[in-house]
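Source file: input_28.cif. Holds: mmCIF, C-alpha atoms.
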```cif
data_run
loop_
_atom_site.label_atom_id
_atom_site.label_comp_id
_atom_site.auth_asym_id
_atom_site.auth_seq_id
_atom_site.Cartn_x
_atom_site.Cartn_y
_atom_site.Cartn_z
CA MET A 1 0.00 0.00 0.00
CA LYS A 2 1.32 3.46 -0.82
CA ARG A 3 2.11 5.57 2.20
CA CYS A 4 -0.30 8.34 1.17
CA SER A 5 -3.06 5.75 0.83
CA PHE A 6 -2.28 4.42 4.28
CA LEU A 7 -2.43 7.92 5.73
CA PHE A 8 -5.87 8.38 4.18
CA LEU A 9 -7.06 5.11 5.73
CA LEU A 10 -5.47 6.05 9.03
CA VAL A 11 -7.26 9.35 9.33
CA MET A 12 -10.54 7.94 8.08
CA SER A 13 -10.58 5.12 10.64
CA SER A 14 -12.14 4.77 14.06
CA ALA A 15 -12.55 8.41 15.04
CA ALA A 16 -12.78 10.24 11.72
CA PHE A 17 -16.29 11.39 12.48
CA SER A 18 -14.86 13.76 15.11
CA LEU A 19 -14.11 16.24 12.33
CA CYS A 20 -17.86 16.81 12.00
CA LEU A 21 -18.46 17.55 15.68
CA GLY A 22 -20.19 20.81 16.55
CA GLN A 23 -18.77 23.32 19.03
CA ASP A 24 -20.58 21.86 22.06
CA ALA A 25 -19.61 18.31 21.17
CA THR A 26 -16.00 19.40 20.59
CA GLY A 27 -15.95 20.97 24.03
CA SER A 28 -17.31 17.80 25.55
CA LEU A 29 -14.70 15.75 23.71
CA GLN A 30 -11.94 18.06 24.96
CA ASP A 31 -13.20 17.69 28.52
CA LYS A 32 -13.29 13.90 28.28
CA ALA A 33 -9.83 13.77 26.75
CA ALA A 34 -8.41 16.11 29.38
CA ALA A 35 -9.98 13.92 32.07
CA GLY A 36 -8.01 10.94 30.78
CA ASP A 37 -10.53 9.10 28.58
CA PRO A 38 -8.29 7.32 26.03
CA ALA A 39 -11.03 6.89 23.44
CA ALA A 40 -11.73 10.63 23.59
CA GLN A 41 -8.00 11.33 23.38
CA VAL A 42 -7.81 9.33 20.16
CA GLN A 43 -10.87 11.12 18.77
CA LEU A 44 -9.37 14.50 19.61
CA GLY A 45 -6.06 13.44 18.09
CA MET A 46 -7.93 12.48 14.95
CA LYS A 47 -9.55 15.91 14.85
CA TYR A 48 -6.10 17.49 14.68
CA ALA A 49 -4.79 14.88 12.26
CA LEU A 50 -7.72 15.60 9.93
CA ALA A 51 -7.49 19.37 10.17
CA TYR A 52 -6.36 21.43 7.21
CA PRO A 53 -3.60 22.25 7.64
CA ARG A 54 -2.90 19.18 9.77
CA ASN A 55 -1.77 19.91 13.33
CA VAL A 56 0.76 17.10 13.79
CA LYS A 57 2.01 18.34 17.15
CA GLU A 58 -1.44 18.31 18.76
CA ALA A 59 -2.38 15.01 17.14
CA ILE A 60 0.75 13.35 18.49
CA LYS A 61 0.15 14.90 21.93
CA TRP A 62 -3.30 13.31 22.28
CA PHE A 63 -2.39 10.01 20.65
CA SER A 64 0.61 9.80 23.00
CA LEU A 65 -1.57 10.21 26.07
CA ALA A 66 -3.79 7.33 24.97
CA ALA A 67 -0.83 5.24 23.83
CA ASN A 68 1.09 5.68 27.08
CA ALA A 69 -2.02 4.61 28.96
CA GLY A 70 -1.83 1.30 27.09
CA TYR A 71 -4.78 1.98 24.76
CA ALA A 72 -4.19 -0.07 21.60
CA ASP A 73 -5.97 2.29 19.21
CA GLY A 74 -3.91 5.19 20.54
CA GLN A 75 -0.74 3.18 20.03
CA PHE A 76 -1.78 2.36 16.46
CA HIS A 77 -2.55 5.97 15.55
CA LEU A 78 0.61 7.25 17.19
CA ALA A 79 2.60 4.71 15.19
CA GLY A 80 0.86 5.91 12.04
CA MET A 81 1.96 9.47 12.71
CA TYR A 82 5.59 8.38 13.01
CA ASP A 83 5.19 6.09 10.01
CA VAL A 84 3.76 8.52 7.48
CA ALA A 85 2.65 11.87 8.90
CA ILE A 86 5.78 13.52 10.28
CA SER A 87 8.75 14.78 8.30
CA PRO A 88 11.24 13.21 8.49
CA GLN A 89 9.45 9.96 9.15
CA ASN A 90 10.55 7.77 12.05
CA PRO A 91 9.81 4.15 11.11
CA ALA A 92 11.73 2.72 14.08
CA GLU A 93 9.46 4.62 16.48
CA ALA A 94 6.46 3.53 14.41
CA ILE A 95 7.47 -0.11 14.83
CA LYS A 96 7.70 0.35 18.60
CA TRP A 97 4.08 1.52 18.83
CA TYR A 98 2.73 -0.82 16.16
CA THR A 99 4.23 -3.70 18.12
CA LEU A 100 2.57 -2.66 21.38
CA ALA A 101 -0.82 -2.37 19.68
CA ALA A 102 -0.33 -5.54 17.65
CA LYS A 103 0.43 -7.55 20.78
CA GLN A 104 -2.95 -6.43 22.12
CA GLY A 105 -4.63 -7.89 19.04
CA HIS A 106 -5.15 -4.69 17.03
CA LYS A 107 -5.51 -6.09 13.52
CA ASP A 108 -4.59 -2.89 11.69
CA ALA A 109 -1.42 -2.60 13.74
CA GLN A 110 -0.64 -6.25 13.05
CA TYR A 111 -1.00 -5.63 9.33
CA ARG A 112 1.16 -2.50 9.37
CA LEU A 113 3.80 -4.27 11.47
CA GLY A 114 3.86 -6.99 8.82
CA VAL A 115 4.40 -4.31 6.18
CA MET A 116 7.31 -2.83 8.11
CA TYR A 117 9.10 -6.19 8.30
CA ASP A 118 8.13 -6.99 4.72
CA GLN A 119 9.65 -3.75 3.40
CA GLY A 120 12.47 -3.41 5.89
CA ARG A 121 11.20 -0.05 7.14
CA GLY A 122 12.76 0.84 10.47
CA THR A 123 14.16 -2.68 10.81
CA ASN A 124 15.93 -5.36 8.85
CA LYS A 125 13.78 -7.00 6.21
CA ASP A 126 12.37 -10.19 7.74
CA TYR A 127 9.84 -12.07 5.63
CA ALA A 128 9.21 -14.72 8.27
CA GLU A 129 8.32 -12.07 10.85
CA ALA A 130 6.21 -10.26 8.27
CA ALA A 131 4.31 -13.45 7.53
CA ARG A 132 3.74 -14.03 11.25
CA TRP A 133 2.08 -10.66 11.71
CA TYR A 134 0.17 -10.84 8.43
CA ALA A 135 -1.24 -14.17 9.61
CA LYS A 136 -2.52 -12.62 12.84
CA ALA A 137 -4.20 -9.79 10.93
CA ALA A 138 -5.48 -12.19 8.27
CA GLU A 139 -7.13 -14.37 10.88
CA GLN A 140 -9.00 -11.29 12.09
CA GLY A 141 -10.28 -10.55 8.60
CA ARG A 142 -7.90 -7.88 7.32
CA PRO A 143 -8.10 -8.48 3.53
CA GLU A 144 -4.79 -6.80 2.63
CA ALA A 145 -3.03 -9.13 5.06
CA GLN A 146 -4.87 -12.12 3.63
CA TYR A 147 -3.82 -11.24 0.10
CA ARG A 148 -0.17 -10.65 0.97
CA LEU A 149 -0.09 -13.86 3.00
CA GLY A 150 -1.49 -15.68 -0.02
CA GLN A 151 1.35 -14.27 -2.12
CA MET A 152 3.91 -15.40 0.43
CA TYR A 153 2.57 -18.96 0.44
CA GLU A 154 2.42 -18.97 -3.36
CA GLN A 155 6.01 -17.77 -3.70
CA GLY A 156 7.51 -19.45 -0.62
CA THR A 157 8.53 -16.09 0.84
CA GLY A 158 9.01 -16.22 4.61
CA VAL A 159 7.00 -19.47 4.71
CA SER A 160 7.21 -22.84 2.97
CA GLN A 161 5.57 -22.75 -0.44
CA ASP A 162 2.06 -24.14 -0.14
CA TYR A 163 -0.47 -23.58 -2.91
CA GLY A 164 -3.31 -24.90 -0.77
CA ARG A 165 -2.71 -22.30 1.92
CA ALA A 166 -2.12 -19.63 -0.69
CA LEU A 167 -5.51 -20.39 -2.21
CA LYS A 168 -7.15 -20.34 1.22
CA TRP A 169 -5.97 -16.80 1.90
CA TYR A 170 -6.63 -15.58 -1.63
CA LEU A 171 -10.18 -16.88 -1.27
CA SER A 172 -10.61 -15.11 2.06
CA ALA A 173 -9.52 -11.80 0.55
CA ALA A 174 -11.51 -12.44 -2.62
CA ASN A 175 -14.69 -13.00 -0.64
CA LEU A 176 -14.09 -9.62 1.01
CA GLY A 177 -14.08 -7.98 -2.42
CA ARG A 178 -10.36 -7.60 -3.19
CA PRO A 179 -10.12 -7.70 -7.02
CA GLU A 180 -6.45 -8.73 -7.07
CA ALA A 181 -7.29 -11.70 -4.84
CA GLN A 182 -10.25 -12.62 -7.03
CA TYR A 183 -7.90 -12.64 -10.01
CA LYS A 184 -5.49 -14.93 -8.15
CA VAL A 185 -8.29 -17.36 -7.25
CA GLY A 186 -9.23 -17.49 -10.92
CA TYR A 187 -5.61 -18.08 -11.86
CA PHE A 188 -5.27 -20.94 -9.38
CA TYR A 189 -8.39 -22.62 -10.77
CA GLU A 190 -7.16 -22.13 -14.32
CA LYS A 191 -3.72 -23.59 -13.61
CA GLY A 192 -4.71 -26.18 -11.01
CA PHE A 193 -2.60 -24.73 -8.21
CA GLY A 194 -3.79 -26.20 -4.90
CA VAL A 195 -7.05 -27.27 -6.50
CA ALA A 196 -8.29 -29.28 -9.49
CA VAL A 197 -8.33 -27.38 -12.78
CA ASN A 198 -11.76 -25.82 -13.29
CA LYS A 199 -11.97 -23.38 -16.19
CA ALA A 200 -15.58 -22.43 -15.46
CA GLU A 201 -14.68 -21.49 -11.88
CA ALA A 202 -11.62 -19.62 -13.12
CA LEU A 203 -13.75 -17.63 -15.53
CA ALA A 204 -16.27 -16.79 -12.81
CA TRP A 205 -13.54 -15.35 -10.59
CA TYR A 206 -11.93 -13.47 -13.46
CA GLN A 207 -15.32 -11.92 -14.20
CA LYS A 208 -15.71 -10.80 -10.59
CA SER A 209 -12.25 -9.26 -10.61
CA GLY A 210 -12.72 -7.69 -14.02
CA ALA A 211 -16.02 -6.15 -12.95
CA LEU A 212 -14.07 -4.28 -10.28
CA GLY A 213 -11.67 -2.96 -12.90
CA TYR A 214 -8.67 -5.22 -12.36
CA PRO A 215 -6.90 -5.15 -15.76
CA ASP A 216 -5.08 -8.52 -15.52
CA ALA A 217 -8.42 -10.24 -14.96
CA LYS A 218 -9.86 -8.80 -18.14
CA ASP A 219 -6.89 -10.05 -20.15
CA ALA A 220 -7.08 -13.51 -18.52
CA MET A 221 -10.82 -13.70 -19.14
CA LYS A 222 -10.38 -12.90 -22.83
CA SER A 223 -7.57 -15.45 -23.17
CA LEU A 224 -9.62 -18.17 -21.46
CA MET A 225 -12.68 -17.49 -23.58
CA ASP A 226 -10.58 -17.59 -26.77
CA GLU A 227 -9.31 -21.12 -26.04
#
```
What would you get if you wrote out this structure as structure tokens?
Amino acid sequence: MKRCSFLFLLVMSSAAFSLCLGQDATGSLQDKAAAGDPAAQVQLGMKYALAYPRNVKEAIKWFSLAANAGYADGQFHLAGMYDVAISPQNPAEAIKWYTLAAKQGHKDAQYRLGVMYDQGRGTNKDYAEAARWYAKAAEQGRPEAQYRLGQMYEQGTGVSQDYGRALKWYLSAANLGRPEAQYKVGYFYEKGFGVAVNKAEALAWYQKSGALGYPDAKDAMKSLMDE
């Protein structure tokens, strides 16, 4: 995922609605945050993160309060600020906070921690560790983690190559509407990777992927229909 795309998802997550709060509600939120409510602190941090221009200093201040209180969502959002929002970025500090949130079961933090190890951002590249964190996020239904884990099993990257497991995770992501995963499921059925060859099933998955605009699926569909 591109960093700008991640930042968009970050600011549009759990507390994005705080941008729309009226004056009275904002005051109430400020009071709750000042009183030590970590959920309110995250919401207030999001208000500053979403502002135009963005107020990074205030966002980090409120995320830090929630994060230091052990609140997983605060840790995740604080990590995101160090990951993509500040200049220069501080990926090592991002990993620290992603790890704390991930260990509490925060699936988005688990996914981003996988990305950090996958790309070698703020740490040495470690595909096995990336796969471990992707698996945790995948099991909680994070489709991006499911797709990347499918790739790793297909390619034998960080895990032993296993087409059956690759197909399992591609299917999970495909059923959550990821067009690239739908294409991969079609490809596996076409080639017989981890499953018996089934051209009709392959075509059905290519059609689903193509309908969502995935270009490789459209080419594969045309090739299969021309056979």
Need to verify the contact set: Leu113 in chain A, 7 Å, all atoms listed in the file, exclusion of same-chain residues closer than 2 positions in sequence. Can you return it as a PyMOL selection string? chain A and resi 95+98-99+109-111+115-117+133
Given 5 Å of margin on each side, can you work out the centre and size in Å (one decimal) of an axis-aligned box holding every listed atom of range 176-185 of chain A, as JSON?
```
{"center_x": -9.8, "center_y": -12.5, "center_z": -4.5, "size_x": 18.6, "size_y": 19.8, "size_z": 21.0}
```
If we count all atoms listed in the file, what is near Leu203 in chain A at a cut-off of 9 Å, once residues fewer than 2 positions away on the same chain are taken out, given as a list in words?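 Listed by chain and then number, they are Gly186, Tyr187, Tyr189, Glu190, Asn198, Lys199, Ala200, Glu201, Trp205, Tyr206, Gln207, Lys208, Ala220, Met221, Leu224 and Met225 of chain A.
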With the PyMOL selection byres ((chain A and resi 72) around 12) as the selection, what would be picked from this file? Answer as a PyMOL selection string, please. chain A and resi 14+38-39+42+63-71+73-79+97-110
Can you tell me how far CA of Val195 in chain A sits from CA of Gly164 in chain A, in Å to one decimal?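 About the pair CA of Val195 in chain A and CA of Gly164 in chain A: they are 7.2 Å apart.
Minimum atom-to-atom distances from A:Glu180, A:Ala173, A:Val56, A:Lys96 to Ala138 in chain A were compared using only C-alpha atoms, and the lowest value belongs to A:Ala173.
For the pair CA of Gly158 in chain A and CA of Gly80 in chain A, the interatomic distance is 24.7 Å.
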Out of A:Gly150, A:Gly120, A:Gly27, A:Pro88, which residue has the shortest atom-to-atom distance to Gly194 in chain A when counting only C-alpha atoms?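 Among A:Gly150, A:Gly120, A:Gly27, A:Pro88, it is A:Gly150 that comes nearest to Gly194 in chain A.
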Given the choices A:Gly114, A:Lys168, A:Met152, A:Gly192, which gets closest to Lys136 in chain A if the distance is worked out from only C-alpha atoms?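 Answer, going by the shortest atom-to-atom distance: A:Gly114.
Closest to Glu139 in chain A among A:Trp169, A:Tyr153, A:Tyr52, A:Trp62 is A:Trp169, based on all atoms listed in the file.
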Mind checking which residues fall within 12 Å of Leu212 in chain A, counting only C-alpha atoms, ignoring those fewer than 3 positions away in the same chain, and posting them as a tab-separated table (two decimals) with C-alpha atoms, keeping the file's coordinate frame?
```
chain	number	residue	atom	x	y	z
A	174	ALA	CA	-11.51	-12.44	-2.62
A	177	GLY	CA	-14.08	-7.98	-2.42
A	178	ARG	CA	-10.36	-7.60	-3.19
A	179	PRO	CA	-10.12	-7.70	-7.02
A	180	GLU	CA	-6.45	-8.73	-7.07
A	181	ALA	CA	-7.29	-11.70	-4.84
A	182	GLN	CA	-10.25	-12.62	-7.03
A	183	TYR	CA	-7.90	-12.64	-10.01
A	205	TRP	CA	-13.54	-15.35	-10.59
A	206	TYR	CA	-11.93	-13.47	-13.46
A	207	GLN	CA	-15.32	-11.92	-14.20
A	208	LYS	CA	-15.71	-10.80	-10.59
A	209	SER	CA	-12.25	-9.26	-10.61
A	215	PRO	CA	-6.90	-5.15	-15.76
A	216	ASP	CA	-5.08	-8.52	-15.52
A	217	ALA	CA	-8.42	-10.24	-14.96
A	218	LYS	CA	-9.86	-8.80	-18.14
```
Work out how far apart CA of Gln161 in chain A and CA of Val185 in chain A are and give it in Å to one decimal.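 Separation of CA of Gln161 in chain A and CA of Val185 in chain A: 16.4 Å.
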Within 10 Å of Lys57 in chain A, counting all atoms listed in the file, which residues show up once you throw out same-chain ones fewer than 4 positions away? Write them as an MDAnalysis selection string, please. chainID A and resid 45 48:49 61:62 81 86
Taking (-2.0, -5.9, -3.1) in the coordinates of the supplied file, I want to know which residues reach to within 8 Å of it, counting all atoms listed in the file; could you give the answer as number ranges by chain? A: 1, 144, 147-148, 180
Could I get range 60-79 of chain A rebuilt with N, CA and C atoms, written as an mmCIF file, in the coordinates of the input?
```
data_model
loop_
_atom_site.group_PDB
_atom_site.id
_atom_site.type_symbol
_atom_site.label_atom_id
_atom_site.label_comp_id
_atom_site.auth_asym_id
_atom_site.auth_seq_id
_atom_site.Cartn_x
_atom_site.Cartn_y
_atom_site.Cartn_z
ATOM 1 N N ILE A 60 -0.185 14.225 17.792
ATOM 2 C CA ILE A 60 0.750 13.350 18.490
ATOM 3 C C ILE A 60 0.579 13.473 20.009
ATOM 4 N N LYS A 61 0.340 14.683 20.484
ATOM 5 C CA LYS A 61 0.150 14.900 21.930
ATOM 6 C C LYS A 61 -0.987 14.028 22.466
ATOM 7 N N TRP A 62 -2.141 14.049 21.775
ATOM 8 C CA TRP A 62 -3.300 13.310 22.280
ATOM 9 C C TRP A 62 -3.170 11.810 22.026
ATOM 10 N N PHE A 63 -2.626 11.439 20.890
ATOM 11 C CA PHE A 63 -2.390 10.010 20.650
ATOM 12 C C PHE A 63 -1.414 9.450 21.679
ATOM 13 N N SER A 64 -0.399 10.252 22.034
ATOM 14 C CA SER A 64 0.610 9.800 23.000
ATOM 15 C C SER A 64 0.005 9.543 24.368
ATOM 16 N N LEU A 65 -0.917 10.404 24.768
ATOM 17 C CA LEU A 65 -1.570 10.210 26.070
ATOM 18 C C LEU A 65 -2.312 8.875 26.096
ATOM 19 N N ALA A 66 -3.055 8.603 25.038
ATOM 20 C CA ALA A 66 -3.790 7.330 24.970
ATOM 21 C C ALA A 66 -2.836 6.152 24.857
ATOM 22 N N ALA A 67 -1.793 6.326 24.042
ATOM 23 C CA ALA A 67 -0.830 5.240 23.830
ATOM 24 C C ALA A 67 -0.092 4.895 25.106
ATOM 25 N N ASN A 68 0.344 5.918 25.841
ATOM 26 C CA ASN A 68 1.090 5.680 27.080
ATOM 27 C C ASN A 68 0.226 5.104 28.186
ATOM 28 N N ALA A 69 -1.094 5.240 28.018
ATOM 29 C CA ALA A 69 -2.020 4.610 28.960
ATOM 30 C C ALA A 69 -2.292 3.153 28.589
ATOM 31 N N GLY A 70 -1.670 2.691 27.508
ATOM 32 C CA GLY A 70 -1.830 1.300 27.090
ATOM 33 C C GLY A 70 -3.005 1.048 26.177
ATOM 34 N N TYR A 71 -3.595 2.095 25.623
ATOM 35 C CA TYR A 71 -4.780 1.980 24.760
ATOM 36 C C TYR A 71 -4.315 1.625 23.341
ATOM 37 N N ALA A 72 -4.732 0.462 22.861
ATOM 38 C CA ALA A 72 -4.190 -0.070 21.600
ATOM 39 C C ALA A 72 -4.452 0.847 20.417
ATOM 40 N N ASP A 73 -5.659 1.437 20.341
ATOM 41 C CA ASP A 73 -5.970 2.290 19.210
ATOM 42 C C ASP A 73 -5.118 3.566 19.233
ATOM 43 N N GLY A 74 -4.817 4.047 20.419
ATOM 44 C CA GLY A 74 -3.910 5.190 20.540
ATOM 45 C C GLY A 74 -2.508 4.828 20.082
ATOM 46 N N GLN A 75 -2.055 3.648 20.457
ATOM 47 C CA GLN A 75 -0.740 3.180 20.030
ATOM 48 C C GLN A 75 -0.665 3.051 18.512
ATOM 49 N N PHE A 76 -1.734 2.512 17.917
ATOM 50 C CA PHE A 76 -1.780 2.360 16.460
ATOM 51 C C PHE A 76 -1.719 3.715 15.761
ATOM 52 N N HIS A 77 -2.525 4.663 16.213
ATOM 53 C CA HIS A 77 -2.550 5.970 15.550
ATOM 54 C C HIS A 77 -1.259 6.743 15.787
ATOM 55 N N LEU A 78 -0.677 6.605 16.949
ATOM 56 C CA LEU A 78 0.610 7.250 17.190
ATOM 57 C C LEU A 78 1.674 6.662 16.265
ATOM 58 N N ALA A 79 1.676 5.353 16.117
ATOM 59 C CA ALA A 79 2.600 4.710 15.190
ATOM 60 C C ALA A 79 2.411 5.238 13.781
#
```
